[in-house]
file run14.tsv (TSV, C-alpha atoms)
chain	number	residue	atom	x	y	z
R	281	MET	CA	-0.20	25.09	4.50
R	282	ILE	CA	-0.95	22.38	1.93
R	283	TRP	CA	-3.26	19.40	1.71
R	284	THR	CA	-1.25	16.22	1.34
R	285	ALA	CA	-1.43	12.52	2.08
R	286	GLY	CA	-1.64	11.55	5.74
R	287	PHE	CA	-2.74	8.05	4.79
R	288	ARG	CA	-2.86	6.09	1.55
R	289	THR	CA	-3.92	2.57	0.60
R	290	ALA	CA	-3.48	1.24	-2.94
R	291	VAL	CA	-6.52	-0.48	-4.43
R	292	ILE	CA	-7.06	-3.30	-6.91
R	293	SER	CA	-9.84	-4.63	-9.10
R	294	PRO	CA	-12.04	-7.45	-7.78
R	295	TYR	CA	-12.25	-8.86	-11.31
R	296	GLU	CA	-8.63	-9.94	-11.75
R	297	GLN	CA	-7.71	-13.50	-12.66
R	298	ILE	CA	-5.07	-13.82	-9.93
R	299	GLN	CA	-6.77	-13.46	-6.55
R	300	PHE	CA	-5.20	-13.95	-3.13
R	301	THR	CA	-8.38	-12.98	-1.24
R	302	GLU	CA	-12.03	-13.31	-2.13
R	303	PRO	CA	-13.71	-10.11	-3.43
R	304	ARG	CA	-17.09	-9.14	-2.04
R	305	GLY	CA	-19.87	-6.57	-2.28
R	306	PHE	CA	-22.35	-4.99	0.14
R	307	ALA	CA	-26.03	-4.07	0.48
R	308	ASN	CA	-27.67	-2.20	3.38
R	309	GLN	CA	-24.51	-2.55	5.46
R	310	THR	CA	-22.12	-0.37	7.42
R	311	VAL	CA	-18.40	-0.95	6.89
R	312	ARG	CA	-16.06	0.38	9.59
R	313	GLN	CA	-12.36	0.47	8.81
R	314	VAL	CA	-9.24	1.32	10.81
R	315	LEU	CA	-6.85	3.64	8.98
R	316	HIS	CA	-3.44	3.94	10.66
R	317	MET	CA	-2.28	7.46	9.90
R	318	ALA	CA	1.27	8.03	8.72
R	319	GLY	CA	0.87	11.78	9.16
R	320	GLY	CA	-1.46	14.00	11.11
R	321	GLY	CA	-3.03	17.44	11.19
R	322	GLU	CA	-5.82	19.55	12.67
R	323	ARG	CA	-8.04	19.14	9.60
R	324	LEU	CA	-8.60	16.20	7.29
R	325	ARG	CA	-10.56	15.02	4.28
R	326	VAL	CA	-11.29	11.45	3.26
R	327	ARG	CA	-10.78	10.09	-0.25
R	328	LEU	CA	-13.17	7.39	-1.50
R	329	THR	CA	-12.94	5.33	-4.66
R	330	ASN	CA	-15.05	3.35	-7.09
R	331	LEU	CA	-12.12	2.99	-9.46
R	332	TYR	CA	-12.83	-0.59	-10.50
R	333	GLY	CA	-16.59	-0.63	-9.89
R	334	ARG	CA	-18.98	-1.53	-12.70
R	335	THR	CA	-22.01	0.24	-11.24
R	336	PRO	CA	-22.45	3.58	-9.43
R	337	LEU	CA	-21.50	3.44	-5.75
R	338	THR	CA	-23.92	5.09	-3.33
R	339	ILE	CA	-22.72	6.09	0.13
R	340	ALA	CA	-25.70	7.30	2.17
R	341	ALA	CA	-23.78	8.27	5.30
R	342	ALA	CA	-20.17	8.39	6.46
R	343	THR	CA	-18.27	9.36	9.60
R	344	ALA	CA	-14.67	9.64	10.69
R	345	ALA	CA	-13.60	9.22	14.30
R	346	THR	CA	-10.33	9.79	16.15
R	347	GLU	CA	-9.42	10.05	19.81
R	348	HIS	CA	-10.63	13.66	19.60
R	349	GLY	CA	-14.18	12.81	18.56
R	350	GLN	CA	-16.37	11.93	15.60
R	351	ALA	CA	-17.31	13.97	12.54
R	352	VAL	CA	-20.02	13.48	9.93
R	353	LEU	CA	-18.47	13.49	6.47
R	354	THR	CA	-19.99	15.49	3.65
R	355	PHE	CA	-19.30	15.70	-0.04
R	356	ASN	CA	-19.96	19.04	-1.72
R	357	GLY	CA	-22.09	19.83	1.32
R	358	ALA	CA	-24.24	16.69	1.11
R	359	GLU	CA	-24.11	13.64	3.38
R	360	LYS	CA	-25.06	11.33	0.51
R	361	LEU	CA	-22.68	10.63	-2.35
R	362	THR	CA	-22.80	8.62	-5.56
R	363	ILE	CA	-19.49	7.82	-7.24
R	364	PRO	CA	-19.70	6.75	-10.91
R	365	PRO	CA	-17.78	3.67	-12.07
R	366	GLY	CA	-14.10	4.41	-12.55
R	367	GLU	CA	-14.21	7.59	-10.47
R	368	GLU	CA	-12.95	8.78	-7.09
R	369	ALA	CA	-14.18	11.47	-4.70
R	370	ALA	CA	-12.70	13.67	-1.98
R	371	GLY	CA	-14.80	14.63	1.01
R	372	ASP	CA	-15.20	18.14	2.36
R	373	PRO	CA	-12.55	19.19	4.89
R	374	VAL	CA	-13.48	18.59	8.53
R	375	SER	CA	-11.93	19.97	11.71
R	376	LEU	CA	-11.00	16.71	13.41
R	377	PRO	CA	-7.46	16.52	14.76
R	378	VAL	CA	-5.53	13.32	14.14
R	379	ALA	CA	-1.94	12.62	15.14
R	380	SER	CA	0.79	10.90	13.18
R	381	GLY	CA	0.75	7.24	14.20
R	382	ALA	CA	-2.84	7.41	15.44
R	383	ASP	CA	-5.85	5.48	14.13
R	384	LEU	CA	-8.78	6.99	12.27
R	385	PHE	CA	-12.02	4.99	12.16
R	386	LEU	CA	-13.91	5.41	8.89
R	387	SER	CA	-17.53	4.23	8.75
R	388	LEU	CA	-19.46	4.00	5.47
R	389	TYR	CA	-23.14	3.12	5.07
R	390	LEU	CA	-23.81	1.39	1.76
R	391	PRO	CA	-27.59	1.22	1.28
R	392	GLU	CA	-27.77	-0.42	-2.16
R	393	GLU	CA	-26.26	-3.43	-3.90
R	394	THR	CA	-22.71	-2.33	-4.63
R	395	GLY	CA	-21.45	-5.14	-6.82
R	396	LEU	CA	-17.90	-6.30	-6.15
R	397	ALA	CA	-15.93	-3.65	-4.29
R	398	THR	CA	-12.76	-1.81	-5.26
R	399	TYR	CA	-10.47	-2.80	-2.40
R	400	SER	CA	-7.06	-3.20	-0.76
R	401	HIS	CA	-6.76	-6.94	-0.45
R	402	GLN	CA	-4.06	-7.66	2.15
R	403	PRO	CA	-3.58	-4.55	4.32
R	404	MET	CA	-3.02	-6.44	7.59
R	405	GLU	CA	-6.03	-4.68	9.04
R	406	THR	CA	-9.61	-5.74	9.80
R	407	ALA	CA	-12.84	-4.21	8.52
R	408	HIS	CA	-16.02	-4.60	10.62
R	409	ILE	CA	-19.32	-5.10	8.79
R	410	VAL	CA	-22.89	-4.96	10.15
R	411	GLY	CA	-26.35	-4.68	8.66
R	412	GLY	CA	-28.08	-1.29	8.53
R	413	ASN	CA	-26.83	2.22	9.15
R	414	HIS	CA	-24.51	2.32	12.16
R	415	VAL	CA	-22.00	4.97	11.12
R	416	THR	CA	-22.48	6.90	14.37
R	417	SER	CA	-22.56	3.86	16.68
R	418	PRO	CA	-19.64	3.86	19.12
R	419	ALA	CA	-19.29	0.08	18.84
R	420	LEU	CA	-20.35	-2.65	16.43
R	421	PRO	CA	-20.99	-5.78	18.49
R	422	GLU	CA	-21.22	-9.05	16.60
R	423	ALA	CA	-19.82	-7.45	13.45
R	424	GLU	CA	-18.43	-9.64	10.70
R	425	GLN	CA	-14.67	-9.20	10.45
R	426	VAL	CA	-12.84	-9.19	7.12
R	427	GLU	CA	-9.14	-8.59	6.52
R	428	ALA	CA	-9.40	-5.99	3.75
R	429	ARG	CA	-10.18	-2.33	3.07
R	430	PHE	CA	-13.05	-1.24	0.84
R	431	TYR	CA	-13.79	1.91	-1.16
R	432	VAL	CA	-11.14	4.04	0.56
R	433	SER	CA	-7.95	5.28	-1.07
R	434	GLY	CA	-6.65	7.79	1.45
R	435	VAL	CA	-6.94	10.58	3.96
R	436	ASP	CA	-5.51	14.04	3.33
R	437	VAL	CA	-4.30	16.28	6.13
R	438	LEU	CA	-3.56	20.00	6.22
R	439	THR	CA	0.13	20.39	7.00
R	440	PRO	CA	2.92	23.00	6.73
R	441	ASP	CA	4.37	23.47	3.26
R	442	ASP	CA	7.81	22.16	4.23
R	443	THR	CA	6.62	18.81	5.61
R	444	ALA	CA	8.71	15.95	4.17
R	445	ILE	CA	6.40	13.44	2.49
R	446	ALA	CA	7.58	10.14	0.99
R	447	VAL	CA	5.72	7.18	-0.50
R	448	ALA	CA	6.53	3.48	-0.21
R	449	PHE	CA	5.65	2.16	-3.65
R	450	GLY	CA	5.83	-1.58	-4.07
R	451	ASP	CA	4.52	-5.00	-3.18
R	452	SER	CA	3.59	-7.09	-0.13
R	453	TRP	CA	6.84	-6.24	1.64
R	454	PHE	CA	5.44	-2.73	2.00
R	455	GLU	CA	1.74	-3.60	2.33
R	456	GLY	CA	2.75	-5.75	5.28
R	457	VAL	CA	1.85	-9.37	4.51
R	458	GLY	CA	3.34	-11.62	7.19
R	459	SER	CA	3.23	-9.00	9.94
R	460	THR	CA	0.69	-9.22	12.76
R	461	VAL	CA	-2.80	-8.13	11.70
R	462	GLY	CA	-3.85	-4.93	13.45
R	463	ALA	CA	-0.50	-4.39	15.17
R	464	ASN	CA	0.85	-1.76	12.73
R	465	ASN	CA	4.16	-3.54	12.38
R	466	ARG	CA	4.44	-3.23	8.60
R	467	SER	CA	7.90	-2.14	7.46
R	468	VAL	CA	6.49	1.30	6.58
R	469	ASP	CA	5.00	1.69	10.08
R	470	VAL	CA	8.35	0.84	11.66
R	471	LEU	CA	10.14	3.28	9.37
R	472	ASN	CA	7.73	6.05	10.31
R	473	ARG	CA	8.48	5.48	13.98
R	474	ARG	CA	12.17	6.07	13.18
R	475	LEU	CA	11.71	9.38	11.37
R	476	LYS	CA	12.22	12.64	13.27
R	477	ARG	CA	10.22	14.70	10.79
R	478	GLY	CA	7.82	13.96	7.97
R	479	TRP	CA	6.37	10.57	7.12
R	480	VAL	CA	5.99	7.81	4.54
R	481	VAL	CA	2.59	6.77	3.18
R	482	ASN	CA	2.10	3.17	2.09
R	483	GLN	CA	1.15	2.33	-1.50
R	484	GLY	CA	2.17	-1.32	-1.41
R	485	ILE	CA	0.05	-4.00	-3.10
R	486	ALA	CA	0.65	-7.65	-2.26
R	487	GLY	CA	1.41	-9.47	-5.52
R	488	ASN	CA	2.09	-6.27	-7.44
R	489	ARG	CA	4.63	-6.25	-10.26
R	490	LEU	CA	6.88	-3.71	-11.91
R	491	LEU	CA	6.17	-4.78	-15.48
R	492	ARG	CA	2.89	-6.70	-15.72
R	493	ASP	CA	-0.66	-6.25	-14.47
R	494	GLU	CA	-2.12	-8.48	-11.75
R	495	VAL	CA	-2.07	-8.28	-8.92
R	496	GLY	CA	-3.16	-4.64	-9.37
R	497	GLU	CA	-2.04	-2.46	-12.24
R	498	HIS	CA	1.71	-2.77	-12.70
R	499	ALA	CA	4.00	-0.13	-11.21
R	500	LEU	CA	4.68	1.76	-14.40
R	501	ALA	CA	0.92	2.00	-15.05
R	502	ARG	CA	-0.10	3.17	-11.55
R	503	PHE	CA	2.86	5.47	-10.91
R	504	ASP	CA	1.02	8.66	-11.87
R	505	ARG	CA	-2.04	7.88	-9.71
R	506	ASP	CA	-0.35	6.36	-6.67
R	507	VAL	CA	2.82	8.47	-6.56
R	508	LEU	CA	2.79	11.65	-8.65
R	509	SER	CA	-0.69	12.67	-7.46
R	510	ILE	CA	0.54	13.25	-3.89
R	511	PRO	CA	1.10	16.99	-3.24
R	512	GLY	CA	4.39	17.99	-1.65
R	513	LEU	CA	5.99	14.59	-2.25
R	514	THR	CA	9.78	14.56	-2.06
R	515	HIS	CA	10.89	10.89	-2.07
R	516	VAL	CA	9.82	7.50	-3.44
R	517	LEU	CA	10.91	4.19	-1.94
R	518	VAL	CA	10.48	1.18	-4.23
R	519	HIS	CA	10.51	-2.57	-3.66
R	520	PHE	CA	9.55	-4.62	-6.72
R	521	GLY	CA	10.74	-7.78	-8.39
R	522	ILE	CA	9.69	-10.77	-6.34
R	523	ASN	CA	6.35	-11.05	-8.11
R	524	ASP	CA	7.79	-10.29	-11.54
R	525	LEU	CA	10.11	-13.25	-11.04
R	526	GLY	CA	7.80	-15.57	-9.09
R	527	LEU	CA	4.22	-15.13	-10.32
R	528	PRO	CA	4.89	-16.39	-13.88
R	529	GLY	CA	5.62	-19.80	-12.37
R	530	MET	CA	2.17	-19.78	-10.75
R	531	SER	CA	0.20	-18.38	-13.66
R	532	GLY	CA	1.89	-20.04	-16.63
R	533	GLU	CA	3.25	-16.80	-18.08
R	534	SER	CA	6.62	-16.45	-19.74
R	535	PRO	CA	9.36	-15.56	-17.24
R	536	VAL	CA	10.69	-12.04	-16.85
R	537	THR	CA	14.38	-11.47	-17.53
R	538	SER	CA	16.81	-9.51	-15.41
R	539	ASP	CA	17.40	-7.15	-18.34
R	540	ALA	CA	13.67	-6.37	-18.55
R	541	LEU	CA	13.51	-5.66	-14.83
R	542	ILE	CA	16.54	-3.38	-14.97
R	543	GLU	CA	15.00	-1.41	-17.83
R	544	GLY	CA	11.78	-1.12	-15.85
R	545	PHE	CA	13.62	0.25	-12.83
R	546	LYS	CA	15.44	2.75	-15.06
R	547	THR	CA	12.12	3.93	-16.50
R	548	LEU	CA	10.64	4.33	-13.04
R	549	ALA	CA	13.64	6.32	-11.83
R	550	HIS	CA	13.54	8.54	-14.93
R	551	ARG	CA	9.89	9.39	-14.31
R	552	ALA	CA	10.56	10.13	-10.64
R	553	HIS	CA	13.49	12.39	-11.44
R	554	ALA	CA	11.48	14.16	-14.15
R	555	ALA	CA	9.01	15.05	-11.38
R	556	ASP	CA	11.88	16.31	-9.17
R	557	LEU	CA	11.54	13.37	-6.77
R	558	LYS	CA	14.34	11.38	-5.20
R	559	MET	CA	14.11	7.60	-5.55
R	560	LEU	CA	15.35	5.07	-3.01
R	561	ALA	CA	15.52	1.52	-4.36
R	562	ALA	CA	15.43	-1.68	-2.34
R	563	THR	CA	17.25	-4.78	-3.40
R	564	ILE	CA	14.86	-7.64	-4.17
R	565	GLY	CA	14.19	-9.74	-1.09
R	566	PRO	CA	14.96	-13.48	-0.96
R	567	PHE	CA	12.23	-15.98	-1.82
R	568	ALA	CA	13.91	-19.37	-2.32
R	569	GLY	CA	11.91	-20.85	0.55
R	570	ALA	CA	8.49	-19.95	-0.90
R	571	ILE	CA	5.92	-22.63	-0.07
R	572	TYR	CA	3.70	-21.61	-2.99
R	573	PRO	CA	4.10	-23.74	-6.14
R	574	GLY	CA	6.08	-22.20	-8.97
R	575	ILE	CA	7.33	-19.10	-7.12
R	576	SER	CA	10.89	-20.20	-6.49
R	577	THR	CA	12.77	-21.30	-9.62
R	578	PRO	CA	16.50	-21.44	-10.38
R	579	GLU	CA	15.96	-18.96	-13.22
R	580	GLY	CA	14.07	-16.51	-11.05
R	581	LEU	CA	16.61	-16.67	-8.23
R	582	ALA	CA	19.49	-16.16	-10.67
R	583	ALA	CA	17.72	-13.12	-12.12
R	584	ARG	CA	17.21	-11.75	-8.60
R	585	ARG	CA	20.93	-11.95	-7.92
R	586	GLU	CA	21.73	-10.21	-11.23
R	587	VAL	CA	19.27	-7.38	-10.62
R	588	ASN	CA	20.46	-6.93	-7.05
R	589	ASP	CA	24.08	-6.69	-8.19
R	590	TRP	CA	22.99	-3.94	-10.57
R	591	ILE	CA	20.92	-2.09	-7.93
R	592	ARG	CA	23.89	-2.08	-5.54
R	593	THR	CA	26.29	-0.59	-8.10
R	594	THR	CA	24.21	1.63	-10.39
R	595	ASP	CA	23.93	5.40	-10.14
R	596	THR	CA	20.32	5.25	-11.40
R	597	PHE	CA	18.90	5.87	-7.92
R	598	ASP	CA	19.50	8.54	-5.32
R	599	ALA	CA	20.01	5.90	-2.63
R	600	VAL	CA	19.74	2.15	-2.12
R	601	PHE	CA	18.52	0.26	0.93
R	602	ASP	CA	19.80	-3.30	0.89
R	603	VAL	CA	16.78	-5.22	2.12
R	604	ALA	CA	18.08	-8.49	0.72
R	605	ARG	CA	21.21	-8.39	2.88
R	606	ALA	CA	19.24	-7.20	5.90
R	607	VAL	CA	16.86	-10.18	5.95
R	608	GLU	CA	18.72	-13.02	4.22
R	609	ASN	CA	20.05	-16.17	5.81
R	610	PRO	CA	23.84	-15.65	5.69
R	611	GLU	CA	24.36	-19.37	5.15
R	612	ALA	CA	21.82	-19.48	2.28
R	613	PRO	CA	21.32	-15.94	0.92
R	614	ASP	CA	18.45	-16.86	-1.40
R	615	TYR	CA	16.39	-17.66	1.73
R	616	ILE	CA	14.90	-15.34	4.35
R	617	HIS	CA	16.61	-15.73	7.73
R	618	PRO	CA	14.52	-18.22	9.76
R	619	ALA	CA	14.05	-15.70	12.59
R	620	LEU	CA	12.59	-13.15	10.15
R	621	ASP	CA	10.43	-15.47	8.03
R	622	SER	CA	6.65	-15.27	8.46
R	623	GLY	CA	6.50	-19.00	7.78
R	624	ASP	CA	5.81	-19.05	4.05
R	625	GLY	CA	9.36	-18.43	2.84
R	626	VAL	CA	8.48	-15.28	0.93
R	627	HIS	CA	7.12	-12.79	3.50
R	628	LEU	CA	8.58	-11.14	6.58
R	629	ASN	CA	7.29	-11.44	10.14
R	630	ASP	CA	7.27	-8.47	12.54
R	631	LYS	CA	11.01	-8.78	13.20
R	632	GLY	CA	11.66	-9.08	9.49
R	633	ALA	CA	9.62	-5.95	8.77
R	634	GLN	CA	11.69	-4.15	11.40
R	635	ALA	CA	14.91	-5.31	9.74
R	636	MET	CA	13.61	-4.06	6.38
R	637	ALA	CA	12.79	-0.65	7.87
R	638	ASN	CA	16.16	-0.47	9.60
R	639	ALA	CA	17.88	-0.93	6.24
R	640	VAL	CA	16.71	2.56	5.29
R	641	ASP	CA	19.03	5.38	6.35
R	642	PRO	CA	16.69	8.16	7.56
R	643	GLU	CA	19.19	10.73	6.28
R	644	THR	CA	18.39	9.63	2.71
R	645	LEU	CA	14.81	10.83	3.30
R	646	ALA	CA	15.84	14.29	4.47
R	647	LEU	CA	14.94	17.31	2.38

call {"tool": "encode", "arguments": {"input": "run14.tsv", "output": "structure tokens"}}
result
Amino acid sequence: MIWTAGFRTAVISPYEQIQFTEPRGFANQTVRQVLHMAGGGERLRVRLTNLYGRTPLTIAAATAATEHGQAVLTFNGAEKLTIPPGEEAAGDPVSLPVASGADLFLSLYLPEETGLATYSHQPMETAHIVGGNHVTSPALPEAEQVEARFYVSGVDVLTPDDTAIAVAFGDSWFEGVGSTVGANNRSVDVLNRRLKRGWVVNQGIAGNRLLRDEVGEHALARFDRDVLSIPGLTHVLVHFGINDLGLPGMSGESPVTSDALIEGFKTLAHRAHAADLKMLAATIGPFAGAIYPGISTPEGLAARREVNDWIRTTDTFDAVFDVARAVENPEAPDYIHPALDSGDGVHLNDKGAQAMANAVDPETLAL
């Protein structure tokens, strides 16, 4: 048996210049969060993070709850924990069964001023926030609701050694932007429902780039932490490029070339293969219909086509899943198909997320 990732959520700094959601902090409040488990087990341990905090983070009480009950979380035997700035912490193992595809409810009591929180900014899930310590309360009536996750980076589960574990490493098309909040219809969720064995944990960050920081550390910088740190990992699925090509038009940066993106993908694949991992690459999804200023440019769309032609024909990757073809409008391939568009021209709705997941051949994830 090994401890490995049953759930992951990639975090960002609240101090970045490019912000799609408003950062926040806490004081004398309980934060309850729903964590949709990719994989399950009879025992679990929760991973908390103060990676981008500027002051120590004190957690005075914490619980985890599943359909099988509730457990008080401890850290080195103590119910209270202080995480220094820039650090992370793993809780003690608890005997609390959780199934693949089930929800785990994590409650944290934050007694002191936290400063701005390390967080996952667009997870398509709602956190519930109330004053005081309510980590053991079965319900939180009149709680404030915020679409984000705070101070959590994952949940480990104890699983057989031969369990197939993969990670979806990418941008909003993995994190789930455009899908229904709380419905667990992200592309990664749909893919997990198709797999006969093993699972895929989600390390997508909306706005994330392959080559440049913001939103979040760029892929090459966070690869060790968000991918290589997962025990028993066998496969990596990647979807990057939209933000490399589109965000410069919003932020006034110099544009990224197709050659630079291709070299970045080669570097990522080399690092995966050096760690004995198989890499599955997605073609870059269409974004010509983006309603956000500066995202869609003729230069960026031309670069997308060039990179996608390379992804489809290169032997750099172990497999390719052609997301672009799966979700494009056949009459205008630079645009998302109207039936799959969330409404902003750059993100997928629930049906689009399903089409993205269906582009993956489950056999390419087999051991």

call {"tool": "atom_distance", "arguments": {"input": "run14.tsv", "atom1": "atom CA of Arg323 of chain R", "atom2": "atom CA of Leu376 of chain R"}}
result
5.4 Å

call {"tool": "atom_distance", "arguments": {"input": "run14.tsv", "atom1": "atom CA of Gly544 of chain R", "atom2": "atom CA of Leu517 of chain R"}}
result
14.9 Å

call {"tool": "atom_distance", "arguments": {"input": "run14.tsv", "atom1": "atom CA of Ile591 of chain R", "atom2": "atom CA of Leu548 of chain R"}}
result
13.2 Å

call {"tool": "closest_residue", "arguments": {"input": "run14.tsv", "among": "R:Ile542, R:Thr301, R:Pro528, R:Met404", "to": "Glu579 of chain R", "atoms": "only C-alpha atoms"}}
result
R:Pro528

call {"tool": "residues_around", "arguments": {"input": "run14.tsv", "residues": "Gln313 of chain R", "least_positions_apart": "5", "cutoff": "6 Å", "atoms": "all atoms listed in the file", "output": "ChimeraX atom specification"}}
result
/R:385-386,407

call {"tool": "closest_residue", "arguments": {"input": "run14.tsv", "among": "R:Leu361, R:Ala552, R:Ile409, R:Val374", "to": "Leu328 of chain R", "atoms": "only C-alpha atoms"}}
result
R:Leu361

call {"tool": "build_atoms", "arguments": {"input": "run14.tsv", "residues": "segment 284-299 of chain R", "atoms": "N, CA, C and O atoms", "output": "PDB file, in the coordinates of the input"}}
result
ATOM      1  N   THR R 284      -2.040  17.321   1.880  1.00  0.00           N
ATOM      2  CA  THR R 284      -1.250  16.220   1.340  1.00  0.00           C
ATOM      3  C   THR R 284      -1.668  14.920   2.002  1.00  0.00           C
ATOM      4  O   THR R 284      -2.574  14.883   2.835  1.00  0.00           O
ATOM      5  N   ALA R 285      -1.020  13.850   1.630  1.00  0.00           N
ATOM      6  CA  ALA R 285      -1.430  12.520   2.080  1.00  0.00           C
ATOM      7  C   ALA R 285      -0.975  12.256   3.511  1.00  0.00           C
ATOM      8  O   ALA R 285       0.220  12.262   3.806  1.00  0.00           O
ATOM      9  N   GLY R 286      -1.945  12.038   4.399  1.00  0.00           N
ATOM     10  CA  GLY R 286      -1.640  11.550   5.740  1.00  0.00           C
ATOM     11  C   GLY R 286      -1.788  10.050   5.829  1.00  0.00           C
ATOM     12  O   GLY R 286      -1.252   9.403   6.724  1.00  0.00           O
ATOM     13  N   PHE R 287      -2.527   9.499   4.874  1.00  0.00           N
ATOM     14  CA  PHE R 287      -2.740   8.050   4.790  1.00  0.00           C
ATOM     15  C   PHE R 287      -3.056   7.721   3.337  1.00  0.00           C
ATOM     16  O   PHE R 287      -3.755   8.461   2.658  1.00  0.00           O
ATOM     17  N   ARG R 288      -2.520   6.601   2.855  1.00  0.00           N
ATOM     18  CA  ARG R 288      -2.860   6.090   1.550  1.00  0.00           C
ATOM     19  C   ARG R 288      -2.973   4.567   1.606  1.00  0.00           C
ATOM     20  O   ARG R 288      -2.312   3.909   2.432  1.00  0.00           O
ATOM     21  N   THR R 289      -3.820   4.020   0.756  1.00  0.00           N
ATOM     22  CA  THR R 289      -3.920   2.570   0.600  1.00  0.00           C
ATOM     23  C   THR R 289      -4.206   2.286  -0.870  1.00  0.00           C
ATOM     24  O   THR R 289      -5.169   2.800  -1.437  1.00  0.00           O
ATOM     25  N   ALA R 290      -3.346   1.519  -1.514  1.00  0.00           N
ATOM     26  CA  ALA R 290      -3.480   1.240  -2.940  1.00  0.00           C
ATOM     27  C   ALA R 290      -4.559   0.187  -3.165  1.00  0.00           C
ATOM     28  O   ALA R 290      -4.658  -0.793  -2.417  1.00  0.00           O
ATOM     29  N   VAL R 291      -5.370   0.386  -4.195  1.00  0.00           N
ATOM     30  CA  VAL R 291      -6.520  -0.480  -4.430  1.00  0.00           C
ATOM     31  C   VAL R 291      -6.340  -1.306  -5.702  1.00  0.00           C
ATOM     32  O   VAL R 291      -5.556  -0.965  -6.588  1.00  0.00           O
ATOM     33  N   ILE R 292      -7.107  -2.416  -5.758  1.00  0.00           N
ATOM     34  CA  ILE R 292      -7.060  -3.300  -6.910  1.00  0.00           C
ATOM     35  C   ILE R 292      -8.487  -3.615  -7.374  1.00  0.00           C
ATOM     36  O   ILE R 292      -9.460  -3.342  -6.681  1.00  0.00           O
ATOM     37  N   SER R 293      -8.561  -4.217  -8.543  1.00  0.00           N
ATOM     38  CA  SER R 293      -9.840  -4.630  -9.100  1.00  0.00           C
ATOM     39  C   SER R 293     -10.266  -5.979  -8.533  1.00  0.00           C
ATOM     40  O   SER R 293      -9.435  -6.884  -8.388  1.00  0.00           O
ATOM     41  N   PRO R 294     -11.562  -6.146  -8.241  1.00  0.00           N
ATOM     42  CA  PRO R 294     -12.040  -7.450  -7.780  1.00  0.00           C
ATOM     43  C   PRO R 294     -12.250  -8.442  -8.914  1.00  0.00           C
ATOM     44  O   PRO R 294     -12.646  -9.579  -8.672  1.00  0.00           O
ATOM     45  N   TYR R 295     -11.972  -8.018 -10.137  1.00  0.00           N
ATOM     46  CA  TYR R 295     -12.250  -8.860 -11.310  1.00  0.00           C
ATOM     47  C   TYR R 295     -10.988  -9.465 -11.918  1.00  0.00           C
ATOM     48  O   TYR R 295     -11.021  -9.999 -13.021  1.00  0.00           O
ATOM     49  N   GLU R 296      -9.875  -9.386 -11.214  1.00  0.00           N
ATOM     50  CA  GLU R 296      -8.630  -9.940 -11.750  1.00  0.00           C
ATOM     51  C   GLU R 296      -8.650 -11.464 -11.740  1.00  0.00           C
ATOM     52  O   GLU R 296      -9.359 -12.094 -10.949  1.00  0.00           O
ATOM     53  N   GLN R 297      -7.807 -12.045 -12.588  1.00  0.00           N
ATOM     54  CA  GLN R 297      -7.710 -13.500 -12.660  1.00  0.00           C
ATOM     55  C   GLN R 297      -6.934 -14.071 -11.473  1.00  0.00           C
ATOM     56  O   GLN R 297      -7.268 -15.120 -10.947  1.00  0.00           O
ATOM     57  N   ILE R 298      -5.869 -13.383 -11.079  1.00  0.00           N
ATOM     58  CA  ILE R 298      -5.070 -13.820  -9.930  1.00  0.00           C
ATOM     59  C   ILE R 298      -5.649 -13.173  -8.687  1.00  0.00           C
ATOM     60  O   ILE R 298      -5.653 -11.948  -8.550  1.00  0.00           O
ATOM     61  N   GLN R 299      -6.148 -13.984  -7.765  1.00  0.00           N
ATOM     62  CA  GLN R 299      -6.770 -13.460  -6.550  1.00  0.00           C
ATOM     63  C   GLN R 299      -6.228 -14.185  -5.329  1.00  0.00           C
ATOM     64  O   GLN R 299      -6.276 -15.408  -5.248  1.00  0.00           O
TER      65      GLN R 299
END
